[in-house]
file my_file20.txt (compact mmCIF, C-alpha atoms and all ligand atoms)
# COMPACT_ATOMS: atom_id res chain seq x y z
CA MET A 23 160.85 81.79 60.44
CA THR A 24 161.01 85.53 59.86
CA THR A 25 162.35 87.15 62.99
CA GLY A 26 162.04 90.84 62.10
CA PRO A 27 164.54 93.48 63.15
CA SER A 28 166.99 92.57 65.89
CA ARG A 29 166.13 93.30 69.50
CA SER A 30 167.07 96.73 70.75
CA GLY A 31 168.73 96.99 74.14
CA ALA A 32 167.94 100.70 74.40
CA LEU A 33 165.39 101.45 77.10
CA THR A 34 163.42 104.05 75.20
CA LEU A 35 160.06 103.61 73.56
CA GLY A 36 160.25 103.67 69.79
CA ASP A 37 158.66 101.86 66.87
CA ASN A 38 161.24 99.09 67.22
CA THR A 39 161.09 98.63 71.02
CA ARG A 40 160.76 94.97 72.05
CA ILE A 41 159.71 93.20 75.20
CA ASP A 42 162.25 91.25 77.29
CA SER A 43 161.99 87.82 75.68
CA ALA A 44 164.27 86.06 78.20
CA ARG A 45 162.18 87.30 81.14
CA LEU A 46 158.96 86.21 79.40
CA TRP A 47 160.39 82.74 78.70
CA ASP A 48 161.67 82.35 82.28
CA SER A 49 158.19 83.16 83.59
CA LEU A 50 156.58 80.61 81.23
CA MET A 51 159.01 77.93 82.39
CA ALA A 52 158.51 78.81 86.08
CA MET A 53 154.71 78.59 85.76
CA ALA A 54 155.10 75.22 83.99
CA GLN A 55 156.71 73.85 87.15
CA ILE A 56 153.31 74.01 88.84
CA GLY A 57 151.04 71.07 88.08
CA PRO A 58 153.44 69.15 85.86
CA GLY A 59 151.87 66.59 83.55
CA ILE A 60 153.15 63.12 82.80
CA ALA A 61 154.79 63.88 79.45
CA GLY A 62 156.41 67.31 79.72
CA GLY A 63 153.26 69.40 79.74
CA ASN A 64 150.87 70.43 82.49
CA ASN A 65 147.87 69.24 84.47
CA ARG A 66 146.75 72.41 86.21
CA GLN A 67 143.01 72.02 85.87
CA THR A 68 140.73 74.74 87.09
CA LEU A 69 139.99 75.07 90.83
CA THR A 70 142.52 72.43 91.85
CA ASP A 71 145.27 73.00 94.41
CA GLU A 72 147.67 73.42 91.48
CA ASP A 73 145.44 76.14 90.01
CA ALA A 74 145.61 77.93 93.38
CA GLN A 75 149.41 77.68 93.38
CA GLY A 76 149.62 79.04 89.82
CA ARG A 77 147.35 81.93 90.77
CA ALA A 78 149.46 82.75 93.83
CA LEU A 79 152.66 82.79 91.77
CA PHE A 80 151.05 85.07 89.18
CA GLN A 81 149.75 87.34 91.97
CA SER A 82 153.24 87.61 93.51
CA TRP A 83 154.80 88.54 90.14
CA CYS A 84 152.10 91.14 89.49
CA GLU A 85 152.43 92.69 92.94
CA ALA A 86 156.21 92.86 92.51
CA ALA A 87 155.53 94.79 89.29
CA GLY A 88 153.35 97.26 91.22
CA LEU A 89 149.99 96.00 89.95
CA SER A 90 146.99 95.92 92.29
CA MET A 91 144.64 92.94 92.39
CA GLY A 92 140.87 92.60 92.20
CA VAL A 93 139.10 89.20 92.25
CA ASP A 94 135.47 88.73 91.34
CA GLU A 95 132.87 86.22 92.56
CA VAL A 96 133.87 83.64 89.92
CA GLY A 97 137.58 83.95 90.69
CA ASN A 98 138.60 86.05 87.68
CA MET A 99 141.84 87.87 88.60
CA PHE A 100 142.31 91.49 87.47
CA MET A 101 145.78 93.02 88.00
CA THR A 102 145.79 96.77 87.38
CA ARG A 103 148.59 99.07 86.26
CA ALA A 104 147.24 102.55 86.94
CA GLY A 105 146.64 105.09 84.18
CA GLU A 106 146.90 108.87 84.26
CA ASP A 107 143.26 109.77 83.55
CA PRO A 108 140.94 108.83 86.43
CA ASP A 109 137.96 108.76 84.05
CA ALA A 110 139.53 106.52 81.40
CA LEU A 111 138.35 102.90 81.26
CA PRO A 112 141.13 100.29 81.33
CA VAL A 113 142.56 98.35 78.42
CA TYR A 114 142.34 94.67 79.41
CA VAL A 115 144.83 92.00 78.35
CA GLY A 116 144.40 88.38 79.33
CA SER A 117 143.82 84.69 78.86
CA HIS A 118 143.86 81.70 81.25
CA LEU A 119 146.25 79.81 83.54
CA ASP A 120 144.12 76.65 83.78
CA THR A 121 145.06 73.71 81.54
CA GLN A 122 143.61 70.54 80.08
CA PRO A 123 144.33 67.33 82.08
CA THR A 124 147.07 66.60 79.53
CA GLY A 125 147.67 70.19 78.48
CA GLY A 126 150.60 72.13 77.12
CA LYS A 127 152.66 74.84 78.77
CA TYR A 128 151.44 77.70 76.56
CA ASP A 129 147.71 77.36 75.83
CA GLY A 130 146.33 80.34 77.75
CA VAL A 131 149.43 80.76 79.91
CA LEU A 132 151.24 82.69 77.18
CA GLY A 133 148.42 85.25 76.98
CA VAL A 134 148.44 85.90 80.74
CA LEU A 135 152.22 86.06 81.14
CA ALA A 136 152.59 88.14 77.96
CA GLY A 137 150.23 90.62 79.62
CA LEU A 138 152.49 90.64 82.67
CA GLU A 139 155.53 91.14 80.42
CA VAL A 140 153.78 94.12 78.77
CA ALA A 141 153.32 95.69 82.22
CA ARG A 142 156.90 94.87 83.24
CA ARG A 143 158.24 96.43 80.02
CA MET A 144 156.12 99.52 80.59
CA ASN A 145 157.74 99.76 84.03
CA ASP A 146 161.25 99.32 82.56
CA LEU A 147 160.61 102.18 80.17
CA GLY A 148 158.72 104.38 82.66
CA ILE A 149 155.77 104.51 80.28
CA LYS A 150 152.63 106.30 81.43
CA THR A 151 149.32 105.74 79.68
CA LYS A 152 146.04 107.59 79.74
CA HIS A 153 144.09 104.35 80.28
CA PRO A 154 144.97 101.83 83.00
CA VAL A 155 146.12 98.43 81.75
CA VAL A 156 144.62 95.37 83.47
CA ILE A 157 146.08 91.87 83.14
CA THR A 158 143.39 89.22 83.52
CA ASN A 159 143.41 85.52 84.39
CA TRP A 160 139.96 84.13 83.53
CA THR A 161 138.72 81.16 85.59
CA ASN A 162 137.93 77.85 83.87
CA GLU A 163 138.60 78.67 80.26
CA GLU A 164 139.22 75.04 79.37
CA GLY A 165 135.91 73.52 80.41
CA ALA A 166 137.70 70.20 80.91
CA ARG A 167 136.59 69.89 84.52
CA PHE A 168 133.41 72.00 84.48
CA ALA A 169 131.51 72.45 81.18
CA PRO A 170 131.20 74.80 79.43
CA ALA A 171 134.56 76.23 78.39
CA MET A 172 135.02 79.97 79.03
CA LEU A 173 132.59 79.72 81.92
CA ALA A 174 133.77 82.71 83.98
CA SER A 175 134.23 85.09 81.05
CA GLY A 176 130.71 84.04 80.00
CA VAL A 177 129.37 85.18 83.38
CA PHE A 178 131.44 88.38 83.11
CA ALA A 179 129.84 89.11 79.73
CA GLY A 180 126.34 88.51 81.14
CA GLU A 181 125.80 85.48 78.88
CA LEU A 182 125.73 82.93 81.74
CA SER A 183 124.38 83.45 85.26
CA LEU A 184 126.40 83.29 88.46
CA ASP A 185 124.08 80.60 89.84
CA TYR A 186 124.55 78.50 86.71
CA ALA A 187 128.34 78.76 87.07
CA TYR A 188 128.32 77.87 90.78
CA ALA A 189 126.12 74.83 90.11
CA ARG A 190 128.32 73.28 87.40
CA LYS A 191 129.59 69.87 88.52
CA ASP A 192 132.75 67.94 87.72
CA MET A 193 132.78 64.16 87.12
CA GLU A 194 133.08 63.54 90.87
CA GLY A 195 129.99 65.63 91.55
CA LYS A 196 131.93 68.54 93.10
CA SER A 197 130.49 71.94 92.27
CA PHE A 198 132.30 74.92 90.77
CA GLY A 199 131.09 77.17 93.62
CA ASP A 200 132.33 74.85 96.37
CA GLU A 201 135.67 74.20 94.70
CA LEU A 202 136.24 77.93 94.08
CA ALA A 203 135.65 78.63 97.79
CA ARG A 204 137.80 75.65 98.80
CA ILE A 205 140.87 76.90 96.94
CA GLY A 206 140.35 80.39 98.40
CA TRP A 207 139.73 82.33 95.19
CA ARG A 208 136.05 83.26 95.49
CA GLY A 209 136.37 87.05 95.40
CA THR A 210 133.90 89.74 96.35
CA GLU A 211 133.72 91.88 93.22
CA LYS A 212 130.41 91.61 91.37
CA VAL A 213 131.04 89.73 88.15
CA GLY A 214 130.87 91.98 85.08
CA ALA A 215 130.79 95.23 87.07
CA ARG A 216 134.03 96.32 85.41
CA LYS A 217 133.76 98.13 82.09
CA MET A 218 136.46 97.78 79.46
CA HIS A 219 137.85 100.31 77.00
CA ALA A 220 139.21 97.36 74.98
CA TYR A 221 140.28 93.72 75.39
CA TYR A 222 143.33 92.05 73.78
CA GLU A 223 144.27 88.37 74.02
CA LEU A 224 147.47 86.74 72.75
CA HIS A 225 147.22 82.98 72.21
CA ILE A 226 149.11 80.24 70.42
CA GLU A 227 147.37 79.34 67.16
CA GLN A 228 146.62 75.72 68.16
CA GLY A 229 146.58 74.97 64.42
CA PRO A 230 149.15 74.52 61.64
CA ILE A 231 148.69 77.54 59.36
CA LEU A 232 151.20 80.09 60.72
CA GLU A 233 154.07 77.63 60.98
CA ALA A 234 153.39 76.16 57.53
CA GLU A 235 153.38 79.63 55.98
CA GLU A 236 156.39 80.75 58.04
CA CYS A 237 154.39 83.59 59.58
CA ASP A 238 155.29 85.03 63.00
CA ILE A 239 151.92 86.58 63.70
CA GLY A 240 148.25 85.76 63.14
CA VAL A 241 146.02 88.83 62.97
CA VAL A 242 142.80 87.28 64.24
CA THR A 243 139.73 88.68 62.51
CA HIS A 244 137.10 86.10 63.57
CA CYS A 245 136.51 83.12 65.85
CA GLN A 246 134.38 80.18 64.81
CA GLY A 247 131.17 79.38 66.70
CA LEU A 248 130.56 76.24 68.73
CA TRP A 249 127.94 73.89 70.15
CA TRP A 250 128.62 71.26 72.80
CA LEU A 251 125.74 68.74 72.77
CA GLU A 252 125.67 66.32 75.68
CA PHE A 253 123.98 63.03 74.74
CA THR A 254 122.64 60.73 77.44
CA LEU A 255 121.74 57.32 76.01
CA THR A 256 119.81 54.79 78.05
CA GLY A 257 120.16 51.10 77.26
CA LYS A 258 119.62 47.98 79.33
CA GLU A 259 122.42 46.60 81.48
CA ALA A 260 122.76 42.94 80.55
CA HIS A 261 125.33 40.15 80.37
CA THR A 262 127.58 40.50 77.29
CA GLY A 263 127.94 36.72 76.97
CA SER A 264 124.49 35.36 77.52
CA THR A 265 122.26 38.07 76.02
CA PRO A 266 121.40 37.14 72.40
CA MET A 267 122.20 39.87 69.86
CA LYS A 268 118.54 40.38 69.02
CA MET A 269 117.62 40.91 72.67
CA ARG A 270 120.07 43.72 73.39
CA THR A 271 119.22 47.37 74.05
CA ASN A 272 122.74 48.50 73.30
CA ALA A 273 123.51 52.11 74.20
CA GLY A 274 127.17 51.56 73.29
CA LEU A 275 126.24 50.59 69.73
CA ALA A 276 124.02 53.68 69.45
CA MET A 277 126.95 55.81 70.60
CA ALA A 278 129.24 54.27 67.96
CA ARG A 279 126.72 54.97 65.20
CA ILE A 280 126.26 58.55 66.41
CA LEU A 281 130.04 59.10 66.33
CA GLU A 282 130.13 57.95 62.68
CA MET A 283 127.15 60.15 61.90
CA VAL A 284 128.85 63.25 63.45
CA GLN A 285 131.86 62.59 61.23
CA GLU A 286 129.61 62.41 58.15
CA VAL A 287 127.74 65.60 59.04
CA ALA A 288 131.03 67.49 59.51
CA MET A 289 132.50 66.09 56.27
CA ASP A 290 129.33 67.06 54.37
CA ALA A 291 129.73 70.61 55.73
CA GLN A 292 133.29 71.08 54.41
CA PRO A 293 135.07 73.43 54.21
CA ASP A 294 135.06 75.42 57.45
CA ALA A 295 133.36 72.93 59.76
CA VAL A 296 134.55 70.37 62.32
CA GLY A 297 132.85 67.85 64.56
CA GLY A 298 133.93 65.14 66.98
CA VAL A 299 133.67 63.61 70.44
CA GLY A 300 136.41 63.91 73.07
CA GLN A 301 134.71 62.75 76.23
CA MET A 302 132.46 59.81 77.06
CA GLN A 303 131.39 57.76 80.07
CA PHE A 304 130.08 54.21 79.99
CA SER A 305 128.07 53.02 82.93
CA PRO A 306 128.78 50.74 84.72
CA ASN A 307 131.92 50.53 82.52
CA SER A 308 132.52 46.85 83.08
CA ARG A 309 133.91 44.60 80.35
CA ASN A 310 131.11 42.07 80.50
CA VAL A 311 128.11 44.33 81.03
CA LEU A 312 126.28 46.01 78.15
CA PRO A 313 126.11 49.66 79.27
CA GLY A 314 122.88 50.87 80.81
CA LYS A 315 123.92 54.44 80.31
CA VAL A 316 126.33 56.24 77.97
CA VAL A 317 127.04 59.96 78.25
CA PHE A 318 129.17 61.82 75.73
CA THR A 319 129.57 65.33 74.35
CA VAL A 320 129.59 66.18 70.65
CA ASP A 321 131.71 69.26 69.82
CA ILE A 322 130.84 70.98 66.52
CA ARG A 323 132.29 74.25 65.22
CA SER A 324 132.11 76.53 62.20
CA PRO A 325 132.75 80.21 61.44
CA ASP A 326 129.47 80.15 59.45
CA LEU A 327 126.42 80.50 61.72
CA GLU A 328 123.99 79.02 59.21
CA LYS A 329 126.21 75.98 58.73
CA LEU A 330 126.67 75.55 62.49
CA THR A 331 122.92 75.72 63.11
CA LYS A 332 122.25 73.20 60.33
CA MET A 333 124.87 70.78 61.66
CA ARG A 334 123.29 70.94 65.11
CA SER A 335 119.80 70.16 63.84
CA GLN A 336 121.07 67.33 61.61
CA ILE A 337 122.97 65.75 64.50
CA GLU A 338 120.02 66.02 66.86
CA ALA A 339 117.54 64.57 64.33
CA ARG A 340 119.77 61.75 63.11
CA GLY A 341 120.91 60.94 66.66
CA ALA A 342 117.29 60.54 67.75
CA GLU A 343 116.61 58.29 64.71
CA ILE A 344 119.61 56.05 65.43
CA CYS A 345 118.49 55.58 69.04
CA ALA A 346 114.87 54.93 68.06
CA GLU A 347 115.98 52.17 65.63
CA LEU A 348 117.91 50.46 68.45
CA GLY A 349 115.26 51.05 71.14
CA VAL A 350 117.74 53.17 73.10
CA GLY A 351 116.57 56.20 75.10
CA CYS A 352 118.13 59.52 74.09
CA THR A 353 118.24 63.00 75.58
CA ILE A 354 120.37 65.83 74.22
CA GLU A 355 121.35 68.82 76.33
CA PRO A 356 123.36 71.78 75.00
CA VAL A 357 126.19 72.37 77.52
CA GLY A 358 128.23 74.95 75.66
CA HIS A 359 127.61 77.48 72.92
CA PHE A 360 128.76 80.68 71.33
CA ASP A 361 128.04 82.14 67.91
CA PRO A 362 130.86 82.93 65.47
CA VAL A 363 132.58 86.17 66.49
CA THR A 364 133.82 89.10 64.37
CA PHE A 365 136.54 91.03 66.17
CA THR A 366 136.63 94.85 66.30
CA PRO A 367 138.13 96.30 63.08
CA GLU A 368 139.98 99.19 64.81
CA LEU A 369 141.79 96.79 67.14
CA VAL A 370 142.49 94.32 64.34
CA THR A 371 144.07 97.25 62.47
CA ALA A 372 146.18 98.10 65.55
CA VAL A 373 147.48 94.50 65.67
CA ARG A 374 148.22 94.45 61.94
CA GLY A 375 149.96 97.84 62.20
CA ALA A 376 152.10 96.68 65.13
CA ALA A 377 153.17 93.52 63.26
CA GLN A 378 154.04 95.58 60.20
CA LYS A 379 156.10 98.24 61.98
CA LEU A 380 158.02 95.58 63.93
CA GLY A 381 158.86 93.79 60.69
CA TYR A 382 157.10 90.52 61.46
CA LYS A 383 155.57 88.36 58.76
CA TYR A 384 151.83 88.20 59.44
CA ARG A 385 148.55 87.01 57.95
CA ASP A 386 144.89 87.21 58.84
CA LEU A 387 143.50 84.22 60.71
CA VAL A 388 140.19 82.79 61.94
CA SER A 389 140.53 81.19 65.37
CA GLY A 390 139.54 77.54 65.38
CA ALA A 391 139.51 77.32 69.17
CA GLY A 392 137.25 79.17 71.57
CA HIS A 393 138.72 81.89 73.76
CA ASP A 394 137.67 84.24 76.56
CA ALA A 395 137.95 86.94 73.88
CA CYS A 396 134.77 85.47 72.33
CA TRP A 397 132.78 86.52 75.40
CA ALA A 398 134.73 89.75 75.97
CA ALA A 399 133.69 90.74 72.44
CA LYS A 400 130.08 90.89 73.69
CA VAL A 401 130.89 93.74 76.07
CA ALA A 402 133.96 95.56 74.69
CA PRO A 403 135.97 96.23 71.55
CA THR A 404 138.06 93.05 71.36
CA THR A 405 140.63 91.26 69.28
CA MET A 406 143.33 88.60 69.44
CA VAL A 407 146.95 88.09 68.36
CA MET A 408 148.28 84.62 67.57
CA CYS A 409 151.73 83.10 67.27
CA PRO A 410 152.63 79.71 65.75
CA CYS A 411 152.97 76.42 67.62
CA VAL A 412 155.00 73.44 66.44
CA GLY A 413 153.04 71.17 64.09
CA GLY A 414 149.84 72.99 65.04
CA LEU A 415 149.67 70.70 68.07
CA SER A 416 147.74 71.77 71.18
CA HIS A 417 145.64 70.12 73.91
CA ASN A 418 148.58 67.74 74.06
CA GLU A 419 151.49 67.75 76.52
CA ALA A 420 153.88 67.91 73.57
CA GLU A 421 152.55 71.37 72.62
CA GLU A 422 155.62 73.53 71.84
CA ILE A 423 156.53 77.04 70.74
CA SER A 424 159.86 78.82 70.31
CA PRO A 425 161.01 81.71 72.52
CA ASP A 426 161.13 83.85 69.35
CA TRP A 427 157.49 83.11 68.53
CA ALA A 428 156.42 83.95 72.09
CA ALA A 429 158.42 87.18 71.94
CA ALA A 430 157.03 88.19 68.54
CA GLY A 431 153.46 87.75 69.74
CA THR A 432 154.19 89.71 72.91
CA ASP A 433 155.98 92.50 71.00
CA VAL A 434 152.88 92.93 68.84
CA LEU A 435 150.61 92.80 71.88
CA PHE A 436 152.80 95.43 73.60
CA HIS A 437 152.58 97.91 70.74
CA ALA A 438 148.88 97.37 70.09
CA VAL A 439 148.08 97.81 73.79
CA LEU A 440 150.17 100.99 74.01
CA GLU A 441 148.39 102.43 71.00
CA THR A 442 144.97 101.76 72.53
CA ALA A 443 145.96 102.78 76.09
CA GLN A 444 147.55 105.99 74.71
CA VAL A 445 151.05 106.77 75.91
CA VAL A 446 151.13 110.16 77.62
CA GLU A 447 154.79 110.40 78.55
C1 LIG B 501 138.84 75.89 74.37
O1 LIG B 501 139.96 75.48 74.73
C2 LIG B 501 138.18 75.29 73.24
O2 LIG B 501 137.56 74.22 73.42
O3 LIG B 501 138.29 75.81 72.11
MN MN B 502 143.33 78.52 75.53
MN MN B 503 142.70 75.00 75.59
call {"tool": "encode", "arguments": {"input": "my_file20.txt", "output": "structure tokens"}}
result
Amino acid sequence: MTTGPSRSGALTLGDNTRIDSARLWDSLMAMAQIGPGIAGGNNRQTLTDEDAQGRALFQSWCEAAGLSMGVDEVGNMFMTRAGEDPDALPVYVGSHLDTQPTGGKYDGVLGVLAGLEVARRMNDLGIKTKHPVVITNWTNEEGARFAPAMLASGVFAGELSLDYAYARKDMEGKSFGDELARIGWRGTEKVGARKMHAYYELHIEQGPILEAEECDIGVVTHCQGLWWLEFTLTGKEAHTGSTPMKMRTNAGLAMARILEMVQEVAMDAQPDAVGGVGQMQFSPNSRNVLPGKVVFTVDIRSPDLEKLTKMRSQIEARGAEICAELGVGCTIEPVGHFDPVTFTPELVTAVRGAAQKLGYKYRDLVSGAGHDACWAAKVAPTTMVMCPCVGGLSHNEAEEISPDWAAAGTDVLFHAVLETAQVVE
């Protein structure tokens, strides 16, 4: 990989000033101790006791760095480093500390702790900025426990209502609102009351392009759009041994055909389209009972809105046909959506400029995953920075990055944030 100019030990702000990569890495490793997974990664799902512990650790680090905390009604954490101009809106930096059930150590976590490292480095150097800088931990980015993903940033952006968020249920029937109160992170700030001068998010790529092209930095120009379509299929519970094939109302078979059909629709929409199913529930889920009910969520994505809309209507129409042929009942409920996003050109230019002056190898990138930045972009100038991850692997406990990649991304974040927050001394 291209590493760029060597790290400067001098504690003065210049074009070549770097963040403290060892401190950043230590913080990443310390956070990874909370909610360990079963294969070297993490299970720190949103609104669990482990999430509360991760939040408390982050809070303690931020307070030690002199940041002051605000928490809103959906548990979003805002840690403020004061600016010099009382009228200047803050520059926000953030991502998420929650993980998938078998998640990696860096998805989201890097963006939050890189924000903290930016603030710590500003302290080291005695930097003052016109605009405050606020490090944010968004609640429930992953959507693994409560659909949809990016739930709390969606409420912040005014795209989802507070009541909708509170009513979301996990697989055990526990609600988001109750679980947020239970772990002690239901704050009092009105969601979305804060106004942003700008929003930056650093994230691992979660795809293979940067590593394959030996790039240190992805300058993210767009994010692809998404639909999550929850299918509920109704069949007839019956004995798997004694029910003749012709007499079955087989919701499991309908599900299998729909999975094949989703694959075909996505392949027909190549390039720049994906589709698949990651979650399903059979009921009663017994080996010798044909399922009476099957629930699963189709995830489709594309950076092209027309293509995304067409895929959705094809999947809904063909799904209904498949079920009708088999006599299976079918309802389809959208449980997650955002349109493709174009990030703010001025901020994209700031990221590209920072990568260039630091000597990192960079390229433009479209984000394949969804991020809180997608909702922030609705209410503020927004962009993202990406760094590589090994083999493009993410949403897997084996997700890995190098300390140099983490540092490069954070260096670029640092310089882009300083440019936007305007150094005054
Ligand atoms: C968020 O992690 C997503 O599903 O892209
Ligand atoms: Mn993420
Ligand atoms: Mn994720």
call {"tool": "residues_around", "arguments": {"input": "my_file20.txt", "residues": "Val241 in chain A", "least_positions_apart": "2", "cutoff": "6 Å", "atoms": "only C-alpha atoms", "output": "ChimeraX atom specification"}}
result
/A:385-387,407
call {"tool": "residues_around", "arguments": {"input": "my_file20.txt", "residues": "range 304-310 of chain A", "least_positions_apart": "3", "cutoff": "10 Å", "atoms": "all atoms listed in the file", "output": "number ranges by chain"}}
result
A: 255-257, 259-264, 273-274, 313-318
call {"tool": "residues_near_ligand", "arguments": {"input": "my_file20.txt", "ligand": "ligand LIG 501 (chain B)", "cutoff": "9 Å", "atoms": "all atoms listed in the file", "output": "PyMOL selection string"}}
result
chain A and resi 121-122+129-130+163-166+170-172+248+321+389-394+417
call {"tool": "closest_residue", "arguments": {"input": "my_file20.txt", "among": "A:Arg167, A:Arg340, A:Lys383, A:Lys329", "to": "Cys352 in chain A", "atoms": "all atoms listed in the file"}}
result
A:Arg340
call {"tool": "atom_distance", "arguments": {"input": "my_file20.txt", "atom1": "CA of Cys409 in chain A", "atom2": "CA of Gly133 in chain A"}}
result
10.5 Å
call {"tool": "closest_residue", "arguments": {"input": "my_file20.txt", "among": "A:Ala234, A:Met101, A:Ala402, A:Ala54", "to": "Ser82 in chain A", "atoms": "all atoms listed in the file"}}
result
A:Met101
call {"tool": "residues_around", "arguments": {"input": "my_file20.txt", "residues": "Leu327 in chain A", "least_positions_apart": "6", "cutoff": "12 Å", "atoms": "all atoms listed in the file", "output": "ChimeraX atom specification"}}
result
/A:245-249,294-295,333-334,359-364
call {"tool": "closest_residue", "arguments": {"input": "my_file20.txt", "among": "A:Leu50, A:Leu281, A:Ala44, A:Leu119", "to": "ligand MN 502 (chain B)", "atoms": "only C-alpha atoms and all ligand atoms"}}
result
A:Leu119
call {"tool": "closest_residue", "arguments": {"input": "my_file20.txt", "among": "A:Val350, A:Met53, A:Ala141, A:Ile157", "to": "Met91 in chain A", "atoms": "all atoms listed in the file"}}
result
A:Ile157
call {"tool": "closest_residue", "arguments": {"input": "my_file20.txt", "among": "A:Gln75, A:Asn145, A:Thr404, A:Thr68", "to": "ligand MN 503 (chain B)", "atoms": "only C-alpha atoms and all ligand atoms"}}
result
A:Thr68
call {"tool": "closest_residue", "arguments": {"input": "my_file20.txt", "among": "A:Leu415, A:Val131, A:Leu79, A:Ala430", "to": "Gln228 in chain A", "atoms": "all atoms listed in the file"}}
result
A:Leu415
call {"tool": "residues_around", "arguments": {"input": "my_file20.txt", "residues": "Ala215 in chain A", "least_positions_apart": "4", "cutoff": "12 Å", "atoms": "only C-alpha atoms", "output": "PyMOL selection string"}}
result
chain A and resi 92-95+177-180+210-211+401
call {"tool": "write_last_selection", "arguments": {"input": "my_file20.txt", "atoms": "C-alpha atoms", "output": "compact mmCIF listing (two decimals), in the coordinates of the input"}}
result
# COMPACT_ATOMS: atom_id res chain seq x y z
CA GLY A 92 140.87 92.60 92.20
CA VAL A 93 139.10 89.20 92.25
CA ASP A 94 135.47 88.73 91.34
CA GLU A 95 132.87 86.22 92.56
CA VAL A 177 129.37 85.18 83.38
CA PHE A 178 131.44 88.38 83.11
CA ALA A 179 129.84 89.11 79.73
CA GLY A 180 126.34 88.51 81.14
CA THR A 210 133.90 89.74 96.35
CA GLU A 211 133.72 91.88 93.22
CA VAL A 401 130.89 93.74 76.07
call {"tool": "residues_around", "arguments": {"input": "my_file20.txt", "residues": "range 219-222 of chain A", "least_positions_apart": "3", "cutoff": "7 Å", "atoms": "only C-alpha atoms", "output": "list of chain:residue names"}}
result
A:Leu111, A:Pro112, A:Val113, A:Tyr114, A:Val115, A:Gly116, A:Ala398, A:Ala402, A:Pro403, A:Thr404, A:Thr405, A:Met406
call {"tool": "write_last_selection", "arguments": {"input": "my_file20.txt", "atoms": "C-alpha atoms", "output": "tab-separated table (two decimals), keeping the file's coordinate frame"}}
result
chain	number	residue	atom	x	y	z
A	111	LEU	CA	138.35	102.90	81.26
A	112	PRO	CA	141.13	100.29	81.33
A	113	VAL	CA	142.56	98.35	78.42
A	114	TYR	CA	142.34	94.67	79.41
A	115	VAL	CA	144.83	92.00	78.35
A	116	GLY	CA	144.40	88.38	79.33
A	398	ALA	CA	134.73	89.75	75.97
A	402	ALA	CA	133.96	95.56	74.69
A	403	PRO	CA	135.97	96.23	71.55
A	404	THR	CA	138.06	93.05	71.36
A	405	THR	CA	140.63	91.26	69.28
A	406	MET	CA	143.33	88.60	69.44
call {"tool": "atom_distance", "arguments": {"input": "my_file20.txt", "atom1": "CA of Ala420 in chain A", "atom2": "CA of Ile231 in chain A"}}
result
17.9 Å
call {"tool": "atom_distance", "arguments": {"input": "my_file20.txt", "atom1": "CA of Gly199 in chain A", "atom2": "CA of Glu181 in chain A"}}
result
17.7 Å
call {"tool": "residues_near_point", "arguments": {"input": "my_file20.txt", "point": "(133.7, 69.1, 86.9)", "cutoff": "10 Å", "atoms": "all atoms listed in the file", "output": "mmCIF file with C-alpha atoms, in the frame of the given file"}}
result
data_model
loop_
_atom_site.group_PDB
_atom_site.id
_atom_site.type_symbol
_atom_site.label_atom_id
_atom_site.label_comp_id
_atom_site.auth_asym_id
_atom_site.auth_seq_id
_atom_site.Cartn_x
_atom_site.Cartn_y
_atom_site.Cartn_z
ATOM 1 C CA GLN A 67 143.010 72.020 85.870
ATOM 2 C CA THR A 68 140.730 74.740 87.090
ATOM 3 C CA LEU A 69 139.990 75.070 90.830
ATOM 4 C CA GLY A 165 135.910 73.520 80.410
ATOM 5 C CA ALA A 166 137.700 70.200 80.910
ATOM 6 C CA ARG A 167 136.590 69.890 84.520
ATOM 7 C CA PHE A 168 133.410 72.000 84.480
ATOM 8 C CA ALA A 169 131.510 72.450 81.180
ATOM 9 C CA PRO A 170 131.200 74.800 79.430
ATOM 10 C CA ARG A 190 128.320 73.280 87.400
ATOM 11 C CA LYS A 191 129.590 69.870 88.520
ATOM 12 C CA ASP A 192 132.750 67.940 87.720
ATOM 13 C CA MET A 193 132.780 64.160 87.120
ATOM 14 C CA GLU A 194 133.080 63.540 90.870
ATOM 15 C CA GLY A 195 129.990 65.630 91.550
ATOM 16 C CA LYS A 196 131.930 68.540 93.100
ATOM 17 C CA SER A 197 130.490 71.940 92.270
ATOM 18 C CA PHE A 198 132.300 74.920 90.770
ATOM 19 C CA GLU A 201 135.670 74.200 94.700
#
